[in-house]
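Data from upload_9.cif: mmCIF, C-alpha atoms
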```cif
data_target
#
loop_
_atom_site.label_atom_id
_atom_site.label_comp_id
_atom_site.auth_asym_id
_atom_site.auth_seq_id
_atom_site.Cartn_x
_atom_site.Cartn_y
_atom_site.Cartn_z
CA MET A 6 0.00 0.00 0.00
CA ASN A 7 2.99 2.25 0.58
CA ASP A 8 6.08 1.64 -1.53
CA ARG A 9 8.04 4.60 -0.19
CA PRO A 10 11.08 3.90 1.99
CA PHE A 11 11.47 5.78 5.21
CA GLN A 12 12.79 9.26 4.52
CA SER A 13 11.73 11.34 7.50
CA ALA A 14 9.05 11.58 10.16
CA THR A 15 6.54 14.28 10.93
CA ILE A 16 5.96 14.29 14.70
CA LEU A 17 2.37 15.24 15.51
CA LEU A 18 2.05 16.98 18.88
CA PRO A 19 -1.49 18.04 19.86
CA ALA A 20 -1.48 20.37 22.86
CA VAL A 21 -4.15 22.02 25.01
CA ASN A 22 -2.77 22.78 28.48
CA GLU A 23 0.78 21.39 28.47
CA THR A 24 3.82 23.62 29.05
CA TYR A 25 6.84 22.04 30.77
CA SER A 26 5.76 18.56 29.67
CA MET A 27 5.64 19.72 26.04
CA ARG A 28 9.12 21.21 26.32
CA GLU A 29 10.41 18.01 27.94
CA THR A 30 8.78 15.94 25.17
CA VAL A 31 10.50 18.01 22.49
CA ASP A 32 13.84 18.10 24.33
CA THR A 33 13.78 14.30 24.66
CA LEU A 34 12.90 13.83 20.99
CA LEU A 35 15.80 16.05 19.93
CA ALA A 36 18.20 14.30 22.31
CA THR A 37 17.29 10.73 21.34
CA CYS A 38 16.46 10.95 17.63
CA ASP A 39 18.76 11.66 14.70
CA LYS A 40 17.61 15.12 13.62
CA SER A 41 18.02 14.13 9.99
CA ASP A 42 15.19 11.62 10.58
CA LEU A 43 12.79 14.36 11.67
CA ARG A 44 11.02 16.24 8.88
CA GLU A 45 9.14 18.53 11.25
CA LEU A 46 7.58 18.93 14.67
CA PHE A 47 3.91 19.67 13.97
CA ILE A 48 2.35 21.24 17.07
CA VAL A 49 -1.45 21.27 16.85
CA LEU A 50 -3.30 23.86 18.93
CA CYS A 51 -7.00 24.68 19.21
CA ASP A 52 -9.32 27.40 20.49
CA ARG A 53 -9.18 25.84 23.99
CA THR A 54 -5.38 25.87 24.12
CA THR A 55 -4.27 27.92 27.11
CA PRO A 56 -2.15 31.04 26.59
CA ALA A 57 0.69 29.41 28.54
CA CYS A 58 0.59 26.35 26.29
CA ALA A 59 0.58 28.49 23.14
CA ALA A 60 3.52 30.48 24.49
CA ALA A 61 5.42 27.27 25.17
CA ALA A 62 4.81 26.13 21.60
CA GLU A 63 6.03 29.47 20.25
CA GLY A 64 9.11 29.22 22.44
CA ILE A 65 9.91 25.81 20.97
CA ARG A 66 9.45 27.17 17.46
CA ASP A 67 11.67 30.17 18.13
CA MET A 68 14.52 28.38 19.91
CA GLY A 69 16.12 27.15 16.69
CA CYS A 70 16.29 23.46 17.51
CA GLY A 71 17.57 22.32 14.12
CA VAL A 72 14.23 20.77 13.10
CA PRO A 73 11.40 22.78 11.48
CA VAL A 74 8.62 23.52 13.97
CA VAL A 75 5.12 24.14 12.60
CA ILE A 76 2.38 25.57 14.82
CA TYR A 77 -1.05 24.79 13.42
CA TYR A 78 -4.45 25.83 14.77
CA GLN A 79 -7.03 23.20 13.95
CA GLN A 80 -10.01 24.34 11.90
CA ARG A 81 -12.59 21.77 13.01
CA PRO A 82 -13.40 20.80 16.63
CA PHE A 83 -12.36 17.78 18.69
CA VAL A 84 -9.14 15.81 18.98
CA GLY A 85 -9.86 13.34 16.18
CA MET A 86 -10.38 16.19 13.75
CA ALA A 87 -7.15 17.83 14.93
CA ILE A 88 -5.14 14.73 14.06
CA ARG A 89 -6.99 14.23 10.79
CA GLU A 90 -6.07 17.77 9.72
CA ALA A 91 -2.47 17.15 10.77
CA PHE A 92 -2.36 13.91 8.77
CA GLU A 93 -3.43 15.85 5.70
CA ARG A 94 -0.57 18.32 6.13
CA ALA A 95 2.25 15.99 7.18
CA ARG A 96 5.27 16.28 4.90
CA GLY A 97 7.38 13.39 6.16
CA SER A 98 7.23 9.95 4.59
CA HIS A 99 5.94 8.77 7.97
CA ALA A 100 3.90 10.38 10.73
CA VAL A 101 4.17 9.80 14.47
CA LEU A 102 1.03 10.26 16.57
CA MET A 103 1.82 10.98 20.22
CA SER A 104 0.93 13.42 23.00
CA THR A 105 2.70 16.29 24.72
CA ASP A 106 1.80 15.30 28.31
CA LEU A 107 4.52 12.62 28.70
CA GLU A 108 1.94 9.81 28.85
CA THR A 109 3.59 8.75 25.57
CA ASP A 110 7.27 8.25 26.44
CA PRO A 111 9.16 10.27 23.77
CA ARG A 112 12.22 8.04 24.10
CA LEU A 113 10.36 5.38 22.11
CA VAL A 114 10.21 7.44 18.90
CA ALA A 115 13.81 6.62 17.94
CA ARG A 116 12.98 2.90 18.13
CA MET A 117 9.81 3.43 16.10
CA ILE A 118 11.84 5.14 13.39
CA ALA A 119 14.39 2.32 13.42
CA GLN A 120 11.56 -0.16 12.78
CA ALA A 121 10.12 2.05 10.04
CA LYS A 122 13.46 2.06 8.24
CA LYS A 123 13.35 -1.74 8.13
CA ASN A 124 9.58 -2.04 7.60
CA PRO A 125 8.39 1.13 5.81
CA ASP A 126 4.97 -0.35 5.00
CA ALA A 127 4.14 -1.23 8.60
CA VAL A 128 2.35 0.62 11.36
CA VAL A 129 4.61 0.71 14.43
CA THR A 130 2.60 1.03 17.62
CA ALA A 131 3.35 1.22 21.33
CA SER A 132 1.94 -1.41 23.66
CA ARG A 133 1.61 -1.25 27.41
CA TRP A 134 0.57 -4.91 27.56
CA ILE A 135 3.56 -6.80 26.16
CA ARG A 136 6.73 -7.76 28.02
CA GLY A 137 8.71 -4.65 28.85
CA GLY A 138 5.62 -2.45 28.94
CA GLY A 139 3.35 -1.55 31.82
CA PHE A 140 1.45 1.09 33.76
CA ARG A 141 2.38 3.45 36.58
CA ASN A 142 -0.18 5.31 38.70
CA TYR A 143 -3.11 3.75 36.84
CA SER A 144 -6.44 2.97 38.53
CA LYS A 145 -6.83 -0.75 39.23
CA LEU A 146 -10.43 -0.66 38.03
CA LYS A 147 -9.45 1.06 34.80
CA LEU A 148 -6.60 -1.43 34.37
CA VAL A 149 -8.99 -4.39 34.57
CA LEU A 150 -11.50 -2.77 32.21
CA ASN A 151 -8.72 -1.81 29.79
CA TYR A 152 -7.46 -5.40 29.71
CA ILE A 153 -10.95 -6.79 29.09
CA PHE A 154 -11.54 -4.31 26.31
CA GLN A 155 -8.22 -5.04 24.59
CA LYS A 156 -8.83 -8.79 24.70
CA SER A 157 -12.44 -8.61 23.52
CA ILE A 158 -11.73 -6.28 20.61
CA GLY A 159 -8.65 -8.32 19.69
CA ILE A 160 -10.76 -11.49 19.46
CA PHE A 161 -13.46 -9.63 17.53
CA PHE A 162 -10.89 -8.50 14.94
CA LEU A 163 -8.87 -11.73 14.97
CA THR A 164 -5.68 -9.83 15.78
CA ARG A 165 -2.80 -10.47 18.14
CA CYS A 166 -2.31 -6.75 18.72
CA THR A 167 -2.44 -6.13 22.44
CA ASP A 168 -3.01 -2.36 22.78
CA LEU A 169 -5.65 -1.02 20.43
CA THR A 170 -6.65 2.18 22.22
CA TYR A 171 -3.26 3.76 22.98
CA GLY A 172 -2.75 6.68 20.62
CA TYR A 173 1.01 6.33 20.20
CA ARG A 174 1.84 5.13 16.70
CA LEU A 175 4.00 5.65 13.63
CA PHE A 176 2.29 5.36 10.24
CA PRO A 177 3.30 5.58 6.60
CA THR A 178 1.98 9.02 5.67
CA ALA A 179 0.60 7.73 2.38
CA LEU A 180 -1.52 5.25 4.35
CA VAL A 181 -3.14 7.76 6.68
CA GLN A 182 -3.75 10.14 3.78
CA SER A 183 -5.55 7.43 1.83
CA ILE A 184 -7.89 6.17 4.57
CA ARG A 185 -11.35 7.66 4.95
CA TRP A 186 -11.40 8.65 8.60
CA GLU A 187 -14.75 9.08 10.33
CA GLU A 188 -14.30 9.55 14.08
CA GLU A 189 -14.03 13.08 15.46
CA LYS A 190 -13.38 12.46 19.16
CA HIS A 191 -11.24 10.03 21.18
CA PRO A 192 -12.53 6.85 19.46
CA PHE A 193 -10.40 8.11 16.57
CA PHE A 194 -7.37 6.57 18.29
CA LEU A 195 -9.02 3.15 18.04
CA GLU A 196 -9.96 3.83 14.43
CA THR A 197 -6.29 4.52 13.57
CA ILE A 198 -5.37 0.91 14.30
CA LEU A 199 -8.55 -0.97 13.35
CA LYS A 200 -8.79 0.38 9.81
CA PRO A 201 -5.16 -0.48 8.95
CA LEU A 202 -5.76 -3.95 10.41
CA ARG A 203 -8.84 -4.41 8.24
CA LEU A 204 -6.73 -3.41 5.22
CA GLY A 205 -4.15 -6.09 6.05
CA VAL A 206 -1.39 -3.65 7.03
CA ARG A 207 1.34 -5.21 9.14
CA VAL A 208 1.45 -3.90 12.71
CA ILE A 209 4.62 -4.02 14.82
CA GLU A 210 4.26 -3.51 18.59
CA LEU A 211 7.00 -2.07 20.80
CA PRO A 212 6.77 -2.15 24.60
CA VAL A 213 6.37 1.08 26.52
CA LYS A 214 5.64 2.03 30.12
CA TRP A 215 2.70 4.40 30.59
CA GLU A 216 2.82 6.93 33.40
CA ALA A 217 0.06 9.34 34.39
CA ARG A 218 0.50 12.94 33.38
CA THR A 219 1.64 15.42 36.02
CA GLU A 220 0.41 18.52 34.21
CA GLY A 221 -3.04 19.58 33.06
CA ALA A 222 -6.11 17.40 32.76
CA SER A 223 -7.01 14.75 30.23
CA GLN A 224 -9.59 15.77 27.64
CA ASN A 225 -11.01 12.23 27.62
CA THR A 226 -13.53 11.17 30.27
CA PHE A 227 -13.79 7.56 31.40
CA PHE A 228 -17.33 7.09 30.11
CA GLN A 229 -16.34 8.22 26.62
CA ASN A 230 -14.42 4.95 26.37
CA PHE A 231 -17.67 3.01 26.00
CA LYS A 232 -18.15 4.72 22.63
CA TYR A 233 -15.19 2.66 21.41
CA PHE A 234 -17.43 -0.41 21.14
CA LYS A 235 -19.65 1.34 18.61
CA THR A 236 -16.58 2.33 16.59
CA ALA A 237 -15.22 -1.21 16.66
CA TRP A 238 -18.53 -2.73 15.56
CA HIS A 239 -18.84 -0.28 12.68
CA ILE A 240 -15.31 -0.86 11.37
CA ARG A 241 -15.50 -4.65 11.74
CA TRP A 242 -18.30 -4.90 9.18
CA MET A 243 -17.17 -2.18 6.75
CA LYS A 244 -16.29 -3.20 3.22
CA LYS A 245 -12.57 -2.72 2.64
CA GLU A 246 -13.21 -0.51 -0.35
CA ASP A 247 -15.22 1.83 1.88
CA ILE A 248 -12.24 2.29 4.19
CA MET A 249 -10.17 3.93 1.47
#
```
Mind turning the file's structure into structure tokens?
Amino acid sequence: MNDRPFQSATILLPAVNETYSMRETVDTLLATCDKSDLRELFIVLCDRTTPACAAAAEGIRDMGCGVPVVIYYQQRPFVGMAIREAFERARGSHAVLMSTDLETDPRLVARMIAQAKKNPDAVVTASRWIRGGGFRNYSKLKLVLNYIFQKSIGIFFLTRCTDLTYGYRLFPTALVQSIRWEEEKHPFFLETILKPLRLGVRVIELPVKWEARTEGASQNTFFQNFKYFKTAWHIRWMKKEDIM
């Protein structure tokens, strides 16, 4: 589906209320990745982005880090739409979806890129559920429910992928620009793995440890997670030609 070798990665960084965690995310990316592998840092802001967060993004852009920094204000509401707009504008051969709150460990990006160089057609995704991964400061109830959800959706889709809801992934840009995305809110993160799976795209999982953010508040409520079942059901029975 994508015959382009890895050339560079666009790092997608949506931000609403992050400041020091966004700077630490960027500093870690620059310290652990080969800068020649990074096409751009694409910081996505919205009308709810705090002034402090916007100032932090502008500071990153103005510091001259050796990698182009793009600040983009999303045009349509909700987080899924923000990423969809960023996908459309990504200029690297591959795009990395992550967060700026340190719940997606930025040290993993270098390993994702290494896998993309060897497997440019694959989606490389982080998993908290395989050996070497895990959770810190995560509610025990949420942990149990997360595990049940991952297992049930995995069986439903006949996949061995272990972490289908974690929005930390590297994609071939041509792939994400060719898929017809539908979700506007947080179920979009589930859509980004289920539609490639339905298309037969190879998925490579890398272990990562998740740790709760220490800055700002999540924009996703617990009860929104139940909407993921509707998304999964819809995608499971879609015709493949309707996904593109």
Could you spell out the hits of the PyMOL selection byres ((chain A and resi 97-112) around 6) on the shown file, as a list of chain:residue names?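 Answer for the PyMOL selection byres ((chain A and resi 97-112) around 6): A:Phe11, A:Gln12, A:Ser13, A:Ala14, A:Thr15, A:Ile16, A:Leu17, A:Leu18, A:Ser26, A:Met27, A:Thr30, A:Leu34, A:Arg44, A:Ala95, A:Arg96, A:Leu113, A:Val114, A:Tyr173, A:Arg174, A:Leu175, A:Phe176, A:Pro177, A:Thr178, A:Trp215, A:Glu216, A:Ala217, A:Arg218.
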Would you kindly return, as a list in words, each protein, DNA or RNA residue with an atom no farther than 9 Å from any atom of Phe162 in chain A, considering all atoms listed in the file and excluding same-chain residues fewer than 6 positions away?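 The neighbour list is Leu199, Leu202, Arg203, Ala237 and Arg241 of chain A.
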Residue with smallest distance to Val149 in chain A - pool A:Trp134, A:Ala179, A:Arg28, A:Phe194, counting all atoms listed in the file: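 Nearest candidate to Val149 in chain A out of A:Trp134, A:Ala179, A:Arg28, A:Phe194: A:Trp134.
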Between A:Asp32, A:Val181, A:Asp52, A:Tyr77, which residue has the minimum interatomic distance to Ile65 in chain A, considering only C-alpha atoms?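 The shortest atom-to-atom distance to Ile65 in chain A comes from A:Asp32.
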Find, counting only C-alpha atoms, the residue in A:Trp186, A:Phe154, A:Phe234, A:Tyr171 that gets nearest to Thr130 in chain A. A:Tyr171
Between A:Ala127, A:Gly172, A:Ser183, A:Ser144, which is the closest to Val206 in chain A once you count only C-alpha atoms?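 Using only C-alpha atoms, the shortest distance to Val206 in chain A belongs to A:Ala127.
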Would you list the contacts of Ala91 in chain A as a list of chain:residue names, taking every protein, DNA or RNA residue within 8 Å and counting only C-alpha atoms, but skipping same-chain residues closer than 2 positions in sequence?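 In the requested form, the answer reads A:Leu17, A:Phe47, A:Val49, A:Ala87, A:Ile88, A:Arg89, A:Glu93, A:Arg94, A:Ala95.
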List the neighbours of Lys123 in chain A out to 9 Å using all atoms listed in the file; skip same-chain residues closer than 4 positions along the sequence, and give me the result as a PDB file with C-alpha atoms, in the coordinates of the input.
```pdb
ATOM      1  CA  PRO A  10      11.080   3.900   1.990  1.00  0.00           C
ATOM      2  CA  PHE A  11      11.470   5.780   5.210  1.00  0.00           C
ATOM      3  CA  ILE A 118      11.840   5.140  13.390  1.00  0.00           C
ATOM      4  CA  ALA A 119      14.390   2.320  13.420  1.00  0.00           C
TER       5      ALA A 119
END
```
Tell me, in Å to one decimal, how far CA of Leu211 in chain A is from CA of Ala131 in chain A.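 About the pair CA of Leu211 in chain A and CA of Ala131 in chain A: they are 4.9 Å apart.
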